[in-house]
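Step one of this worksheet: look at the structure below.
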Amino acid sequence: MIVNVLLFASYADALGADAVMVEVPDGAVLGDVVTAIRGRPGGDRVPSVPLVARNHRYATLADPVAATDEIALIPPVAGG
Amino acid sequence: MPRAALVTRPLDVAALLREVQRPANGAEVLFVGTVRDAHEGRSVTGIDYSAYDAMASAELERLVEEASVRYATPDVVCEHRLGTLAVGDASVVIAVGHPRRAAAYDASRWVIEALKARVPIWKREHYADGSRAWVHHGR
């Protein structure tokens, strides 16, 4: 399945885009999405265990992914 | 009721304070976070704030609701500004009203620390030498 992944701040700079489409097997987990992203040019600047969000909530790399999910990689936050 | 918002206009500190003033409250604590002119020894001239808007709004709302329950007051309001801010501009305001001052202080502190830890907002500092860099807290 194809998953659209939102990127922000330093991760968007690293990949040169604020969203990327990645292909992962059916039944994939968020960790598989991260591995796919890290294989892209510039993806080595994303850590192996980044913060991830699914449908506007923090999730873990072991959580499952559906093609309809809104997935985002969250760089270290710096509000305030 | 607790309320949170991301905004792109200047924050109205007086209006946010008024929002948590009620006869039942004996204390209102107002926290104003502002853009500082230096970071780790470098001269800062401004900051771009950006966010994952949909999630940051949701997370900020969850956070003020959690504070409201945790500190037993409906009067918790937080606004965070996004966009390009200059030195001295307010980036975040937290207003808490409570019958007792100790809980008002505690709630205010809890909200800003949780915001910095959880809400997907990022800042890119502009330096006096013309360069820019993303800031990571706790670095």
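Residues in the structure tokens are numbered from 1 in each chain, the chains being A, B, ... in the order shown, and ligands are numbered from 1 in the order shown.
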Within 6 Å of chain B, which residues belong to chain A? Use only C-alpha atoms and report them as a PyMOL selection string. chain A and resi 56+76-80
Since we have the selection now, will you write its residues out, keeping N, CA and C atoms, as a CSV table (one decimal), in the first residue's frame?
chain,number,residue,atom,x,y,z
A,56,HIS,N,-3.1,12.5,14.2
A,56,HIS,CA,-3.0,13.6,15.1
A,56,HIS,C,-2.7,13.2,16.6
A,76,PRO,N,12.1,16.9,17.0
A,76,PRO,CA,12.1,17.3,18.4
A,76,PRO,C,11.3,18.7,18.4
A,77,VAL,N,10.3,18.7,19.3
A,77,VAL,CA,9.4,19.9,19.3
A,77,VAL,C,10.1,21.1,20.1
A,78,ALA,N,9.7,22.3,19.8
A,78,ALA,CA,10.3,23.5,20.4
A,78,ALA,C,9.4,24.6,20.6
A,79,GLY,N,8.2,24.3,21.0
A,79,GLY,CA,7.2,25.4,21.2
A,79,GLY,C,7.5,26.2,22.5
A,80,GLY,N,6.8,27.3,22.7
A,80,GLY,CA,7.0,28.1,23.8
A,80,GLY,C,7.7,29.4,23.5
DSSP-assigned alpha helix (DSSP H) among chain A, expressed as a PyMOL selection string: chain A and resi 9-15+30-38
Could the residues in this selection be written to a file with N, CA and C atoms, as a CSV table (one decimal), in the first residue's frame?
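Everything below was put into part-v9.csv:
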chain,number,residue,atom,x,y,z
A,9,ALA,N,9.7,20.9,9.6
A,9,ALA,CA,10.9,21.5,10.1
A,9,ALA,C,12.1,20.9,9.6
A,10,SER,N,13.0,20.4,10.5
A,10,SER,CA,14.3,19.9,10.0
A,10,SER,C,14.2,18.6,9.2
A,11,TYR,N,13.1,17.8,9.4
A,11,TYR,CA,12.9,16.6,8.6
A,11,TYR,C,12.5,17.0,7.1
A,12,ALA,N,11.6,18.0,7.0
A,12,ALA,CA,11.2,18.5,5.7
A,12,ALA,C,12.4,19.1,5.0
A,13,ASP,N,13.3,19.8,5.7
A,13,ASP,CA,14.5,20.3,5.0
A,13,ASP,C,15.4,19.1,4.6
A,14,ALA,N,15.5,18.1,5.4
A,14,ALA,CA,16.4,16.9,5.1
A,14,ALA,C,15.9,16.2,3.8
A,15,LEU,N,14.6,16.0,3.7
A,15,LEU,CA,14.1,15.2,2.6
A,15,LEU,C,13.8,16.2,1.4
A,30,LEU,N,4.3,1.3,11.8
A,30,LEU,CA,5.0,2.6,11.6
A,30,LEU,C,6.5,2.5,11.4
A,31,GLY,N,7.1,1.6,12.1
A,31,GLY,CA,8.5,1.4,12.0
A,31,GLY,C,8.9,1.1,10.5
A,32,ASP,N,8.1,0.4,9.8
A,32,ASP,CA,8.4,0.1,8.4
A,32,ASP,C,8.3,1.4,7.5
A,33,VAL,N,7.4,2.3,7.9
A,33,VAL,CA,7.3,3.6,7.2
A,33,VAL,C,8.6,4.4,7.5
A,34,VAL,N,9.1,4.4,8.7
A,34,VAL,CA,10.3,5.1,9.1
A,34,VAL,C,11.5,4.6,8.3
A,35,THR,N,11.6,3.2,8.2
A,35,THR,CA,12.7,2.6,7.5
A,35,THR,C,12.6,3.0,6.0
A,36,ALA,N,11.5,3.1,5.4
A,36,ALA,CA,11.3,3.5,4.0
A,36,ALA,C,11.8,5.0,3.8
A,37,ILE,N,11.3,5.8,4.8
A,37,ILE,CA,11.7,7.2,4.7
A,37,ILE,C,13.2,7.4,4.8
A,38,ARG,N,13.8,6.6,5.7
A,38,ARG,CA,15.3,6.7,6.0
A,38,ARG,C,16.1,6.2,4.8
Determine, counting only C-alpha atoms, which protein, DNA and RNA residues have an atom within 8 Å of an atom of Ile74 (chain A); residues of the same chain fewer than 3 positions away are not included. Present the result as a compact mmCIF listing (two decimals) with N, CA and C atoms, in the first residue's frame.
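Done, and the output landed in part-v4.txt:
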# COMPACT_ATOMS: atom_id res chain seq x y z
N LEU A 7 6.01 15.67 6.67
CA LEU A 7 7.32 16.00 7.26
C LEU A 7 7.31 17.47 7.66
N PHE A 8 8.03 17.80 8.71
CA PHE A 8 8.05 19.17 9.21
C PHE A 8 9.48 19.60 9.56
N PRO A 50 12.37 8.05 15.50
CA PRO A 50 11.81 9.41 15.64
C PRO A 50 10.45 9.35 16.33
N LEU A 51 9.98 10.52 16.78
CA LEU A 51 8.59 10.61 17.22
C LEU A 51 7.71 10.49 15.97
N VAL A 52 6.63 9.73 16.10
CA VAL A 52 5.69 9.59 14.99
C VAL A 52 4.28 9.87 15.49
N ALA A 53 3.45 10.33 14.56
CA ALA A 53 2.05 10.57 14.90
C ALA A 53 1.17 9.89 13.87
N VAL A 77 10.29 18.74 19.30
CA VAL A 77 9.43 19.92 19.32
C VAL A 77 10.09 21.06 20.09
N PRO B 120 3.47 19.76 18.81
CA PRO B 120 4.34 19.81 17.63
C PRO B 120 4.42 21.21 17.00
Using only C-alpha atoms, which residues sit within 12 Å of Val69 (chain B) once same-chain residues fewer than 6 positions away are excluded, as a list in words?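 Counting only the stated atoms, we get Met1, Pro2, Arg62, Leu63, Asp75, Val76, Ala103 and Ala107 of chain B.
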Find the distance between CA of Leu17 (chain B) and CA of Phe31 (chain B) and write it in Å to one decimal. 9.7 Å
Could you list, as a PyMOL selection string, every residue within 9 Å of Gly46 (chain B), counting only C-alpha atoms and ignoring same-chain residues fewer than 4 positions away? chain B and resi 35-37+84-87+124-127
Given the selection you just returned, output its residues as a file containing N, CA and C atoms, formatted as a short mmCIF file (atom, residue, chain, number, x, y, z; two decimals), in the first residue's frame.
data_model
loop_
_atom_site.label_atom_id
_atom_site.label_comp_id
_atom_site.auth_asym_id
_atom_site.auth_seq_id
_atom_site.Cartn_x
_atom_site.Cartn_y
_atom_site.Cartn_z
N VAL B 35 10.18 36.28 22.80
CA VAL B 35 11.38 35.99 22.01
C VAL B 35 12.57 36.72 22.63
N ARG B 36 13.59 35.94 22.95
CA ARG B 36 14.79 36.46 23.63
C ARG B 36 15.86 36.82 22.59
N ASP B 37 16.73 37.75 22.95
CA ASP B 37 17.69 38.27 21.97
C ASP B 37 18.97 37.45 21.85
N THR B 84 6.45 34.71 11.87
CA THR B 84 7.75 35.32 12.18
C THR B 84 7.59 36.37 13.26
N LEU B 85 8.30 36.16 14.38
CA LEU B 85 8.22 37.06 15.53
C LEU B 85 9.55 37.77 15.74
N ALA B 86 9.48 38.99 16.26
CA ALA B 86 10.68 39.76 16.55
C ALA B 86 11.03 39.64 18.03
N VAL B 87 12.24 40.02 18.37
CA VAL B 87 12.67 40.02 19.77
C VAL B 87 11.68 40.84 20.60
N ARG B 124 12.59 28.31 14.24
CA ARG B 124 13.83 28.51 13.50
C ARG B 124 14.31 29.91 13.83
N GLU B 125 15.45 29.97 14.47
CA GLU B 125 15.98 31.27 14.89
C GLU B 125 16.71 31.96 13.74
N HIS B 126 16.59 33.29 13.72
CA HIS B 126 17.36 34.12 12.80
C HIS B 126 18.47 34.76 13.64
N TYR B 127 19.70 34.68 13.14
CA TYR B 127 20.82 35.23 13.89
C TYR B 127 21.31 36.52 13.25
#
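CA of Asp48 (chain B) lies 23.4 Å from CA of Ala95 (chain B).
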Per-residue DSSP, chain A, filtered to strand (DSSP E), as a short mmCIF file (atom, residue, chain, number, x, y, z; two decimals) with N, CA and C atoms, in the first residue's frame:
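Okay, this is what ended up in selection.cif:
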data_model
loop_
_atom_site.label_atom_id
_atom_site.label_comp_id
_atom_site.auth_asym_id
_atom_site.auth_seq_id
_atom_site.Cartn_x
_atom_site.Cartn_y
_atom_site.Cartn_z
N ILE A 2 0.31 2.34 -0.49
CA ILE A 2 1.03 3.61 -0.51
C ILE A 2 0.55 4.44 0.68
N VAL A 3 1.52 4.97 1.42
CA VAL A 3 1.21 5.79 2.59
C VAL A 3 1.80 7.18 2.37
N ASN A 4 1.00 8.20 2.65
CA ASN A 4 1.50 9.57 2.56
C ASN A 4 2.00 9.99 3.94
N VAL A 5 3.24 10.50 4.00
CA VAL A 5 3.84 10.83 5.28
C VAL A 5 4.17 12.33 5.31
N LEU A 6 3.67 13.02 6.31
CA LEU A 6 3.93 14.46 6.45
C LEU A 6 5.27 14.67 7.16
N ALA A 19 5.97 16.45 2.34
CA ALA A 19 5.24 15.19 2.39
C ALA A 19 5.87 14.25 1.38
N VAL A 20 5.92 12.98 1.71
CA VAL A 20 6.43 11.99 0.76
C VAL A 20 5.51 10.77 0.78
N MET A 21 5.42 10.10 -0.40
CA MET A 21 4.65 8.86 -0.48
C MET A 21 5.64 7.71 -0.40
N VAL A 22 5.34 6.73 0.45
CA VAL A 22 6.20 5.55 0.51
C VAL A 22 5.34 4.30 0.34
N GLU A 23 5.97 3.25 -0.23
CA GLU A 23 5.26 1.99 -0.37
C GLU A 23 5.71 1.03 0.71
N LEU A 51 9.98 10.52 16.78
CA LEU A 51 8.59 10.61 17.22
C LEU A 51 7.71 10.49 15.97
N VAL A 52 6.63 9.73 16.10
CA VAL A 52 5.69 9.59 14.99
C VAL A 52 4.28 9.87 15.49
N ALA A 53 3.45 10.33 14.56
CA ALA A 53 2.05 10.57 14.90
C ALA A 53 1.17 9.89 13.87
N ARG A 54 0.04 9.37 14.33
CA ARG A 54 -0.94 8.79 13.45
C ARG A 54 -2.28 9.43 13.78
N ARG A 57 -2.28 11.98 16.77
CA ARG A 57 -1.87 11.56 18.11
C ARG A 57 -0.53 10.85 18.01
N TYR A 58 0.29 11.01 19.08
CA TYR A 58 1.55 10.28 19.10
C TYR A 58 1.28 8.78 19.07
N ALA A 59 2.15 8.06 18.37
CA ALA A 59 2.02 6.62 18.23
C ALA A 59 3.40 6.00 18.40
N ILE A 71 -0.18 10.06 8.60
CA ILE A 71 1.06 9.74 9.31
C ILE A 71 1.98 10.96 9.25
N ALA A 72 2.67 11.24 10.34
CA ALA A 72 3.63 12.34 10.34
C ALA A 72 4.85 11.95 11.16
N LEU A 73 6.02 12.41 10.70
CA LEU A 73 7.24 12.29 11.50
C LEU A 73 7.42 13.62 12.21
N ILE A 74 7.66 13.54 13.52
CA ILE A 74 7.68 14.74 14.35
C ILE A 74 9.11 15.01 14.83
#
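Ranking B:Val96, B:Arg101, B:Gly130, B:Ala72 by their shortest atom-to-atom distance to Gln21 (chain B), with only C-alpha atoms included, puts B:Val96 first.
From CA of Pro25 (chain A) back to CA of Asn55 (chain A), the distance works out to 19.6 Å.
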